[in-house]
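Printed here is data-v2.cif (mmCIF, C-alpha atoms):
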data_work
#
loop_
_atom_site.group_PDB
_atom_site.id
_atom_site.type_symbol
_atom_site.label_atom_id
_atom_site.label_comp_id
_atom_site.auth_asym_id
_atom_site.auth_seq_id
_atom_site.Cartn_x
_atom_site.Cartn_y
_atom_site.Cartn_z
ATOM 1 C CA MET A 1 24.203 -12.964 52.804
ATOM 2 C CA THR A 2 25.202 -16.279 51.312
ATOM 3 C CA VAL A 3 27.207 -16.009 48.091
ATOM 4 C CA LEU A 4 26.830 -18.844 45.585
ATOM 5 C CA ALA A 5 29.691 -19.366 43.133
ATOM 6 C CA GLN A 6 30.333 -21.814 40.295
ATOM 7 C CA ASP A 7 33.968 -20.787 39.957
ATOM 8 C CA SER A 8 36.920 -21.429 42.291
ATOM 9 C CA ASN A 9 35.432 -18.749 44.616
ATOM 10 C CA GLN A 10 38.788 -17.224 45.483
ATOM 11 C CA GLN A 11 38.505 -13.880 47.231
ATOM 12 C CA ASN A 12 41.672 -12.532 45.619
ATOM 13 C CA ILE A 13 40.986 -12.384 41.884
ATOM 14 C CA SER A 14 44.675 -11.820 41.139
ATOM 15 C CA ASP A 15 45.242 -15.475 42.137
ATOM 16 C CA MET A 16 42.887 -16.706 39.407
ATOM 17 C CA ASN A 17 43.671 -17.548 35.771
ATOM 18 C CA LEU A 18 41.247 -15.081 34.165
ATOM 19 C CA THR A 19 40.486 -13.938 30.645
ATOM 20 C CA TYR A 20 38.082 -11.273 29.498
ATOM 21 C CA TYR A 21 35.213 -11.834 27.121
ATOM 22 C CA THR A 22 32.436 -10.060 25.262
ATOM 23 C CA ALA A 23 29.791 -11.981 23.310
ATOM 24 C CA THR A 24 29.841 -9.532 20.405
ATOM 25 C CA GLU A 25 33.448 -10.552 19.705
ATOM 26 C CA ASP A 26 32.361 -14.095 18.817
ATOM 27 C CA PHE A 27 28.782 -13.539 17.677
ATOM 28 C CA GLY A 28 28.841 -10.043 16.128
ATOM 29 C CA LEU A 29 25.514 -8.232 16.386
ATOM 30 C CA ASP A 30 23.871 -11.528 17.363
ATOM 31 C CA GLY A 31 25.990 -11.224 20.511
ATOM 32 C CA LEU A 32 23.489 -8.660 21.740
ATOM 33 C CA PHE A 33 21.143 -11.616 22.305
ATOM 34 C CA ILE A 34 23.730 -14.016 23.746
ATOM 35 C CA GLY A 35 24.216 -13.998 27.499
ATOM 36 C CA GLU A 36 26.806 -15.457 29.812
ATOM 37 C CA ALA A 37 24.745 -17.757 32.044
ATOM 38 C CA VAL A 38 25.521 -19.570 35.283
ATOM 39 C CA LYS A 39 23.399 -22.291 36.845
ATOM 40 C CA PHE A 40 22.964 -22.178 40.615
ATOM 41 C CA THR A 41 20.991 -24.189 43.155
ATOM 42 C CA ALA A 42 19.204 -22.388 45.974
ATOM 43 C CA PRO A 43 20.795 -23.551 49.253
ATOM 44 C CA SER A 44 17.470 -23.901 51.083
ATOM 45 C CA ALA A 45 13.722 -23.575 50.757
ATOM 46 C CA GLY A 46 12.584 -19.982 51.106
ATOM 47 C CA TRP A 47 15.908 -18.601 49.852
ATOM 48 C CA ASN A 48 15.726 -15.142 48.210
ATOM 49 C CA LEU A 49 18.160 -13.975 45.559
ATOM 50 C CA LYS A 50 19.073 -10.339 46.318
ATOM 51 C CA GLN A 51 22.255 -9.603 44.386
ATOM 52 C CA VAL A 52 24.112 -10.558 41.268
ATOM 53 C CA GLN A 53 27.897 -10.206 41.439
ATOM 54 C CA VAL A 54 29.888 -9.833 38.231
ATOM 55 C CA LEU A 55 33.600 -9.471 37.595
ATOM 56 C CA GLY A 56 33.752 -6.955 34.766
ATOM 57 C CA TRP A 57 35.390 -3.868 33.340
ATOM 58 C CA ASN A 58 34.180 -1.182 30.966
ATOM 59 C CA GLY A 59 37.613 -0.264 29.577
ATOM 60 C CA PHE A 60 38.083 2.908 31.644
ATOM 61 C CA ASN A 61 41.494 4.469 30.985
ATOM 62 C CA GLU A 62 42.681 6.037 34.225
ATOM 63 C CA SER A 63 45.706 7.785 32.712
ATOM 64 C CA THR A 64 43.620 9.752 30.190
ATOM 65 C CA GLY A 65 40.432 9.859 32.241
ATOM 66 C CA THR A 66 38.583 8.425 29.256
ATOM 67 C CA VAL A 67 35.253 6.880 30.202
ATOM 68 C CA PRO A 68 33.589 4.734 27.531
ATOM 69 C CA ALA A 69 30.260 5.875 26.122
ATOM 70 C CA ALA A 70 27.383 4.721 28.273
ATOM 71 C CA SER A 71 25.750 1.549 27.044
ATOM 72 C CA ASN A 72 23.443 -0.977 28.671
ATOM 73 C CA PHE A 73 24.045 -4.437 29.993
ATOM 74 C CA LEU A 74 21.167 -6.734 30.833
ATOM 75 C CA ILE A 75 20.644 -9.231 33.680
ATOM 76 C CA GLU A 76 18.005 -11.925 33.684
ATOM 77 C CA ILE A 77 17.042 -14.373 36.401
ATOM 78 C CA ARG A 78 15.501 -17.553 34.994
ATOM 79 C CA ASP A 79 14.067 -20.624 36.682
ATOM 80 C CA ALA A 80 15.148 -24.226 36.033
ATOM 81 C CA ASN A 81 12.933 -24.310 32.912
ATOM 82 C CA LEU A 82 14.465 -21.045 31.634
ATOM 83 C CA ASN A 83 11.290 -19.064 32.309
ATOM 84 C CA LEU A 84 11.996 -15.407 32.984
ATOM 85 C CA LEU A 85 11.645 -14.384 36.642
ATOM 86 C CA TYR A 86 13.279 -10.937 36.539
ATOM 87 C CA ARG A 87 15.052 -8.587 34.121
ATOM 88 C CA LEU A 88 17.243 -5.531 34.789
ATOM 89 C CA ALA A 89 18.939 -3.213 32.295
ATOM 90 C CA ASP A 90 21.423 -0.589 33.461
ATOM 91 C CA THR A 91 24.464 1.292 32.200
ATOM 92 C CA GLN A 92 27.862 -0.341 32.582
ATOM 93 C CA ASN A 93 29.420 2.970 33.629
ATOM 94 C CA ALA A 94 27.348 3.009 36.831
ATOM 95 C CA TYR A 95 29.136 -0.130 38.053
ATOM 96 C CA PHE A 96 32.336 -0.905 36.178
ATOM 97 C CA THR A 97 34.229 2.401 35.770
ATOM 98 C CA TYR A 98 37.433 1.433 37.562
ATOM 99 C CA PRO A 99 41.042 1.311 36.307
ATOM 100 C CA ILE A 100 41.024 -2.480 36.739
ATOM 101 C CA PRO A 101 38.409 -5.244 36.565
ATOM 102 C CA VAL A 102 36.263 -5.317 39.690
ATOM 103 C CA ILE A 103 33.606 -7.581 41.193
ATOM 104 C CA ARG A 104 30.488 -5.458 41.528
ATOM 105 C CA SER A 105 27.356 -6.339 43.447
ATOM 106 C CA ILE A 106 24.194 -5.355 41.640
ATOM 107 C CA ASP A 107 21.194 -5.219 43.943
ATOM 108 C CA ILE A 108 17.901 -6.640 42.734
ATOM 109 C CA PRO A 109 14.519 -6.994 44.448
ATOM 110 C CA ALA A 110 14.319 -10.163 46.559
ATOM 111 C CA ILE A 111 13.378 -13.017 44.231
ATOM 112 C CA PRO A 112 12.311 -16.291 45.851
ATOM 113 C CA VAL A 113 14.028 -19.203 44.112
ATOM 114 C CA THR A 114 13.917 -22.923 44.783
ATOM 115 C CA GLY A 115 16.047 -25.623 43.264
ATOM 116 C CA ASP A 116 18.029 -24.696 40.175
ATOM 117 C CA PHE A 117 17.975 -21.234 38.638
ATOM 118 C CA TYR A 118 20.087 -19.254 36.177
ATOM 119 C CA VAL A 119 21.669 -15.842 36.275
ATOM 120 C CA VAL A 120 22.197 -14.546 32.732
ATOM 121 C CA PHE A 121 24.390 -11.515 32.055
ATOM 122 C CA TYR A 122 24.280 -9.925 28.601
ATOM 123 C CA ASP A 123 27.387 -7.758 28.192
ATOM 124 C CA ARG A 124 25.941 -6.467 24.874
ATOM 125 C CA GLY A 125 29.410 -5.344 23.793
ATOM 126 C CA SER A 126 29.353 -2.603 26.432
ATOM 127 C CA MET A 127 31.990 -4.165 28.645
ATOM 128 C CA LEU A 128 34.165 -7.160 29.340
ATOM 129 C CA VAL A 129 33.067 -10.064 31.523
ATOM 130 C CA PHE A 130 35.699 -12.327 32.989
ATOM 131 C CA MET A 131 35.989 -16.095 32.935
ATOM 132 C CA GLU A 132 38.145 -18.558 34.782
ATOM 133 C CA GLN A 133 39.995 -20.891 32.432
ATOM 134 C CA GLU A 134 40.748 -23.869 34.586
ATOM 135 C CA GLU A 135 38.650 -26.622 36.113
ATOM 136 C CA GLY A 136 35.377 -25.652 34.470
ATOM 137 C CA SER A 137 32.473 -26.622 36.723
ATOM 138 C CA GLY A 138 30.134 -27.384 33.821
ATOM 139 C CA ASN A 139 27.656 -24.834 35.192
ATOM 140 C CA SER A 140 28.558 -21.947 32.870
ATOM 141 C CA TYR A 141 26.751 -21.521 29.571
ATOM 142 C CA PHE A 142 25.986 -19.304 26.640
ATOM 143 C CA PHE A 143 22.275 -18.487 26.615
ATOM 144 C CA ASN A 144 20.586 -17.513 23.351
ATOM 145 C CA SER A 145 17.558 -15.416 24.278
ATOM 146 C CA GLY A 146 16.106 -15.773 20.767
ATOM 147 C CA ASN A 147 15.574 -19.513 20.991
ATOM 148 C CA LYS A 148 15.998 -20.050 24.778
ATOM 149 C CA GLN A 149 18.901 -22.474 24.221
ATOM 150 C CA LEU A 150 21.821 -23.131 26.547
ATOM 151 C CA GLU A 151 25.212 -24.182 25.181
ATOM 152 C CA PRO A 152 28.188 -25.089 27.388
ATOM 153 C CA ALA A 153 30.659 -22.246 27.901
ATOM 154 C CA GLN A 154 33.696 -23.752 26.258
ATOM 155 C CA PHE A 155 36.304 -22.740 23.752
ATOM 156 C CA THR A 156 38.645 -24.633 21.460
ATOM 157 C CA VAL A 157 42.356 -23.970 21.893
ATOM 158 C CA ASN A 158 43.600 -23.595 18.306
ATOM 159 C CA SER A 159 47.146 -24.827 18.932
ATOM 160 C CA THR A 160 46.070 -28.120 20.559
ATOM 161 C CA ASN A 161 42.448 -28.496 19.343
ATOM 162 C CA GLU A 162 41.587 -29.069 23.029
ATOM 163 C CA THR A 163 38.147 -28.078 24.337
ATOM 164 C CA LEU A 164 38.394 -25.873 27.384
ATOM 165 C CA LYS A 165 35.408 -25.407 29.725
ATOM 166 C CA VAL A 166 35.294 -22.060 31.493
ATOM 167 C CA ASN A 167 33.573 -20.569 34.514
ATOM 168 C CA TRP A 168 31.961 -17.155 34.183
ATOM 169 C CA LEU A 169 32.784 -14.937 37.157
ATOM 170 C CA ILE A 170 29.137 -14.336 37.931
ATOM 171 C CA ARG A 171 27.842 -15.062 41.415
ATOM 172 C CA ALA A 172 24.455 -15.009 43.157
ATOM 173 C CA ALA A 173 23.904 -13.695 46.691
ATOM 174 C CA GLY A 174 20.896 -13.872 48.941
ATOM 175 C CA GLU A 175 19.428 -15.118 52.181
#
Entire entry expressed as C-alpha coordinates:
Amino acid sequence: MTVLAQDSNQQNISDMNLTYYTATEDFGLDGLFIGEAVKFTAPSAGWNLKQVQVLGWNGFNESTGTVPAASNFLIEIRDANLNLLYRLADTQNAYFTYPIPVIRSIDIPAIPVTGDFYVVFYDRGSMLVFMEQEEGSGNSYFFNSGNKQLEPAQFTVNSTNETLKVNWLIRAAGE
(Lines of atoms letter the chains of each structure in order from A and count residues from 1; the text may use other names and numbers.)
(Lines give C-alpha, C1' and ligand atoms only; values in the text may rest on other atoms or scores of the structure.)
Protein backbone atom coordinates (compact mmCIF):
# COMPACT_ATOMS: atom_id res chain seq x y z
CA MET A 1 0.00 0.00 0.00
CA THR A 2 1.02 3.59 -0.56
CA VAL A 3 1.13 5.70 2.60
CA LEU A 4 0.39 9.41 2.22
CA ALA A 5 1.79 11.73 4.89
CA GLN A 6 1.65 15.48 5.48
CA ASP A 7 4.28 15.36 8.21
CA SER A 8 8.03 14.70 7.97
CA ASN A 9 7.15 10.99 7.39
CA GLN A 10 9.98 9.69 9.54
CA GLN A 11 9.67 6.00 10.34
CA ASN A 12 11.22 6.40 13.78
CA ILE A 13 8.86 8.62 15.77
CA SER A 14 11.46 9.11 18.49
CA ASP A 15 13.38 11.30 16.00
CA MET A 16 10.44 13.70 15.68
CA ASN A 17 9.62 16.78 17.78
CA LEU A 18 6.17 15.66 18.95
CA THR A 19 3.57 16.97 21.36
CA TYR A 20 0.30 15.40 22.39
CA TYR A 21 -3.08 17.01 21.98
CA THR A 22 -6.76 16.54 22.71
CA ALA A 23 -9.39 18.93 21.34
CA THR A 24 -11.37 18.96 24.59
CA GLU A 25 -8.39 20.61 26.30
CA ASP A 26 -8.78 23.73 24.14
CA PHE A 27 -12.47 23.61 23.28
CA GLY A 28 -14.08 21.98 26.34
CA LEU A 29 -17.24 20.04 25.52
CA ASP A 30 -17.29 21.70 22.09
CA GLY A 31 -14.11 19.70 21.49
CA LEU A 32 -16.32 16.67 20.97
CA PHE A 33 -17.25 18.26 17.62
CA ILE A 34 -13.75 19.46 16.68
CA GLY A 35 -11.59 17.08 14.67
CA GLU A 36 -7.93 17.01 13.76
CA ALA A 37 -8.01 17.06 9.96
CA VAL A 38 -5.35 16.43 7.32
CA LYS A 39 -5.68 17.23 3.63
CA PHE A 40 -4.31 14.66 1.19
CA THR A 41 -4.25 14.31 -2.58
CA ALA A 42 -4.91 10.92 -4.15
CA PRO A 43 -1.72 9.87 -5.99
CA SER A 44 -3.57 8.56 -9.05
CA ALA A 45 -6.96 8.07 -10.63
CA GLY A 46 -8.71 5.00 -9.29
CA TRP A 47 -6.87 5.16 -5.95
CA ASN A 48 -8.71 3.58 -2.99
CA LEU A 49 -8.22 4.70 0.59
CA LYS A 50 -8.06 1.58 2.79
CA GLN A 51 -6.48 2.65 6.07
CA VAL A 52 -6.13 5.60 8.36
CA GLN A 53 -2.96 5.68 10.46
CA VAL A 54 -2.88 7.71 13.67
CA LEU A 55 -0.15 8.29 16.22
CA GLY A 56 -2.02 8.23 19.52
CA TRP A 57 -2.13 7.01 23.09
CA ASN A 58 -4.98 6.37 25.49
CA GLY A 59 -2.98 6.98 28.69
CA PHE A 60 -2.46 3.31 29.59
CA ASN A 61 -0.31 2.97 32.71
CA GLU A 62 1.79 -0.16 32.32
CA SER A 63 3.16 -0.14 35.87
CA THR A 64 -0.30 -0.26 37.47
CA GLY A 65 -2.05 -2.04 34.62
CA THR A 66 -4.63 0.74 34.59
CA VAL A 67 -6.58 0.90 31.35
CA PRO A 68 -8.66 4.04 30.80
CA ALA A 69 -12.43 3.68 30.59
CA ALA A 70 -13.54 2.82 27.08
CA SER A 71 -14.64 5.82 25.07
CA ASN A 72 -15.15 6.40 21.36
CA PHE A 73 -13.10 8.23 18.80
CA LEU A 74 -14.52 9.08 15.41
CA ILE A 75 -12.96 9.07 11.92
CA GLU A 76 -14.47 10.79 8.91
CA ILE A 77 -13.35 10.77 5.30
CA ARG A 78 -14.46 13.89 3.44
CA ASP A 79 -14.06 14.95 -0.18
CA ALA A 80 -12.50 18.22 -1.37
CA ASN A 81 -15.81 20.03 -0.70
CA LEU A 82 -15.98 18.57 2.83
CA ASN A 83 -18.87 16.26 1.94
CA LEU A 84 -18.93 13.14 4.09
CA LEU A 85 -17.78 9.97 2.31
CA TYR A 86 -17.37 7.63 5.30
CA ARG A 87 -17.64 7.63 9.10
CA LEU A 88 -16.29 5.15 11.68
CA ALA A 89 -16.65 5.21 15.46
CA ASP A 90 -14.71 2.78 17.63
CA THR A 91 -13.24 2.53 21.12
CA GLN A 92 -9.76 3.93 21.70
CA ASN A 93 -8.84 0.94 23.87
CA ALA A 94 -9.09 -1.40 20.87
CA TYR A 95 -6.18 0.40 19.19
CA PHE A 96 -4.16 2.58 21.54
CA THR A 97 -3.64 0.57 24.76
CA TYR A 98 0.16 0.53 24.79
CA PRO A 99 2.64 1.87 27.37
CA ILE A 100 3.84 4.45 24.83
CA PRO A 101 2.29 6.34 21.90
CA VAL A 102 1.97 4.12 18.84
CA ILE A 103 1.04 4.54 15.18
CA ARG A 104 -1.99 2.35 14.61
CA SER A 105 -3.50 1.40 11.28
CA ILE A 106 -7.27 1.44 11.30
CA ASP A 107 -8.75 -0.50 8.41
CA ILE A 108 -11.71 0.95 6.56
CA PRO A 109 -13.66 -0.29 3.53
CA ALA A 110 -12.00 0.72 0.25
CA ILE A 111 -13.12 4.26 -0.54
CA PRO A 112 -12.39 5.56 -4.04
CA VAL A 113 -10.99 9.09 -3.84
CA THR A 114 -9.78 11.45 -6.53
CA GLY A 115 -7.98 14.73 -6.11
CA ASP A 116 -8.00 16.25 -2.64
CA PHE A 117 -9.69 14.62 0.33
CA TYR A 118 -9.59 14.97 4.11
CA VAL A 119 -9.12 12.52 6.93
CA VAL A 120 -10.69 13.88 10.12
CA PHE A 121 -9.96 12.29 13.50
CA TYR A 122 -12.10 13.30 16.48
CA ASP A 123 -10.25 12.30 19.66
CA ARG A 124 -13.37 13.29 21.68
CA GLY A 125 -11.25 13.56 24.83
CA SER A 126 -10.79 9.78 24.84
CA MET A 127 -7.12 9.85 23.96
CA LEU A 128 -4.16 11.93 22.89
CA VAL A 129 -3.29 12.58 19.25
CA PHE A 130 0.21 13.67 18.40
CA MET A 131 1.44 16.58 16.32
CA GLU A 132 4.77 17.51 14.87
CA GLN A 133 5.85 21.01 15.86
CA GLU A 134 8.29 21.96 13.17
CA GLU A 135 7.97 22.81 9.50
CA GLY A 136 4.18 22.74 9.35
CA SER A 137 3.05 21.67 5.88
CA GLY A 138 -0.08 23.83 5.95
CA ASN A 139 -2.20 20.73 5.35
CA SER A 140 -3.30 20.15 8.95
CA TYR A 141 -6.48 21.74 10.25
CA PHE A 142 -9.09 21.86 12.95
CA PHE A 143 -12.44 20.81 11.50
CA ASN A 144 -15.65 21.97 13.17
CA SER A 145 -18.33 19.43 12.27
CA GLY A 146 -21.10 21.78 13.41
CA ASN A 147 -20.45 24.40 10.76
CA LYS A 148 -18.17 22.42 8.37
CA GLN A 149 -15.35 24.96 8.78
CA LEU A 150 -11.62 24.31 8.52
CA GLU A 151 -9.13 26.39 10.50
CA PRO A 152 -5.34 26.01 10.19
CA ALA A 153 -3.78 23.83 12.88
CA GLN A 154 -1.59 26.39 14.57
CA PHE A 155 -0.84 27.55 18.06
CA THR A 156 0.56 30.74 19.54
CA VAL A 157 3.71 30.41 21.63
CA ASN A 158 2.98 32.59 24.67
CA SER A 159 6.58 33.54 25.42
CA THR A 160 7.32 34.85 21.90
CA ASN A 161 3.80 35.48 20.50
CA GLU A 162 4.95 33.44 17.48
CA THR A 163 2.41 31.43 15.48
CA LEU A 164 3.46 27.83 15.09
CA LYS A 165 1.92 25.61 12.38
CA VAL A 166 1.76 21.93 13.26
CA ASN A 167 1.33 18.65 11.42
CA TRP A 168 -1.09 16.09 12.82
CA LEU A 169 0.41 12.60 12.78
CA ILE A 170 -2.46 11.21 10.76
CA ARG A 171 -1.72 9.36 7.54
CA ALA A 172 -3.77 7.79 4.74
CA ALA A 173 -2.93 4.45 3.10
CA GLY A 174 -4.36 2.78 0.05
CA GLU A 175 -3.74 1.45 -3.42
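When CA of Ala45 in chain A is paired with CA of Gly115 in chain A, their separation reads 8.1 Å.
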Excluding range 150-166 of chain A and any residue of its chain fewer than 5 positions from it, enumerate the residues within 6 Å of it, using only C-alpha atoms, and give them as an mmCIF file with C-alpha atoms, in the frame of the given file.
data_model
loop_
_atom_site.group_PDB
_atom_site.id
_atom_site.type_symbol
_atom_site.label_atom_id
_atom_site.label_comp_id
_atom_site.auth_asym_id
_atom_site.auth_seq_id
_atom_site.Cartn_x
_atom_site.Cartn_y
_atom_site.Cartn_z
ATOM 1 C CA GLU A 132 38.145 -18.558 34.782
ATOM 2 C CA GLN A 133 39.995 -20.891 32.432
ATOM 3 C CA GLY A 136 35.377 -25.652 34.470
ATOM 4 C CA SER A 140 28.558 -21.947 32.870
ATOM 5 C CA TYR A 141 26.751 -21.521 29.571
ATOM 6 C CA PHE A 142 25.986 -19.304 26.640
ATOM 7 C CA PHE A 143 22.275 -18.487 26.615
#
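The point (32.4, -22.2, 45.8) has these residues within 12 Å of it, counting all atoms listed in the file: A:Thr2, A:Val3, A:Leu4, A:Ala5, A:Gln6, A:Asp7, A:Ser8, A:Asn9, A:Gln10, A:Gln11, A:Phe40, A:Thr41, A:Ser137, A:Asn139, A:Asn167, A:Leu169, A:Ile170, A:Arg171, A:Ala172.
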>> Neighbouring residues of Leu74 in chain A were defined as those with any atom within 8 Å, considering only C-alpha atoms; residues of the same chain fewer than 2 positions away were excluded. Please report them as a VMD selection string.
In response: chain A and resid 72 76 87 to 90 121 to 124
Within 10 Å of Gly125 in chain A using only C-alpha atoms, minus same-chain residues under 3 positions, as an mmCIF file with C-alpha atoms, in the frame of the given file:
data_model
loop_
_atom_site.group_PDB
_atom_site.id
_atom_site.type_symbol
_atom_site.label_atom_id
_atom_site.label_comp_id
_atom_site.auth_asym_id
_atom_site.auth_seq_id
_atom_site.Cartn_x
_atom_site.Cartn_y
_atom_site.Cartn_z
ATOM 1 C CA TYR A 21 35.213 -11.834 27.121
ATOM 2 C CA THR A 22 32.436 -10.060 25.262
ATOM 3 C CA ALA A 23 29.791 -11.981 23.310
ATOM 4 C CA THR A 24 29.841 -9.532 20.405
ATOM 5 C CA GLU A 25 33.448 -10.552 19.705
ATOM 6 C CA GLY A 28 28.841 -10.043 16.128
ATOM 7 C CA LEU A 29 25.514 -8.232 16.386
ATOM 8 C CA GLY A 31 25.990 -11.224 20.511
ATOM 9 C CA LEU A 32 23.489 -8.660 21.740
ATOM 10 C CA ASN A 58 34.180 -1.182 30.966
ATOM 11 C CA SER A 71 25.750 1.549 27.044
ATOM 12 C CA ASN A 72 23.443 -0.977 28.671
ATOM 13 C CA PHE A 73 24.045 -4.437 29.993
ATOM 14 C CA TYR A 122 24.280 -9.925 28.601
ATOM 15 C CA LEU A 128 34.165 -7.160 29.340
ATOM 16 C CA VAL A 129 33.067 -10.064 31.523
#
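If you apply the PyMOL selection byres ((chain A and resi 59) around 10) to this structure, you end up with Gly56, Trp57, Asn58, Phe60, Asn61, Glu62, Thr66, Val67, Pro68, Asn93, Phe96, Thr97, Tyr98, Pro99, Ile100, Pro101, Ser126, Met127 and Leu128 of chain A.
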> Restricting the calculation to all atoms listed in the file, which member of A:Thr64, A:Asp79, A:Ile111, A:Asn144 is positioned closest to Phe27 in chain A?
Replying inline: A:Asn144
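Between Ser145 in chain A and the candidates A:Ala69, A:Ala80, A:Val120, A:Ile13, the tightest atom-to-atom separation, counting only C-alpha atoms, involves A:Val120.
Taking CA of Glu134 in chain A and CA of Lys39 in chain A as the two end points, the separation is 17.6 Å.
CA of Ala70 in chain A is positioned 19.3 Å from CA of Tyr20 in chain A.
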> Quick one: of A:Thr91, A:Arg78, A:Asp15, A:Glu36, who's nearest to Val54 in chain A, counting all atoms listed in the file?
Replying inline: A:Glu36
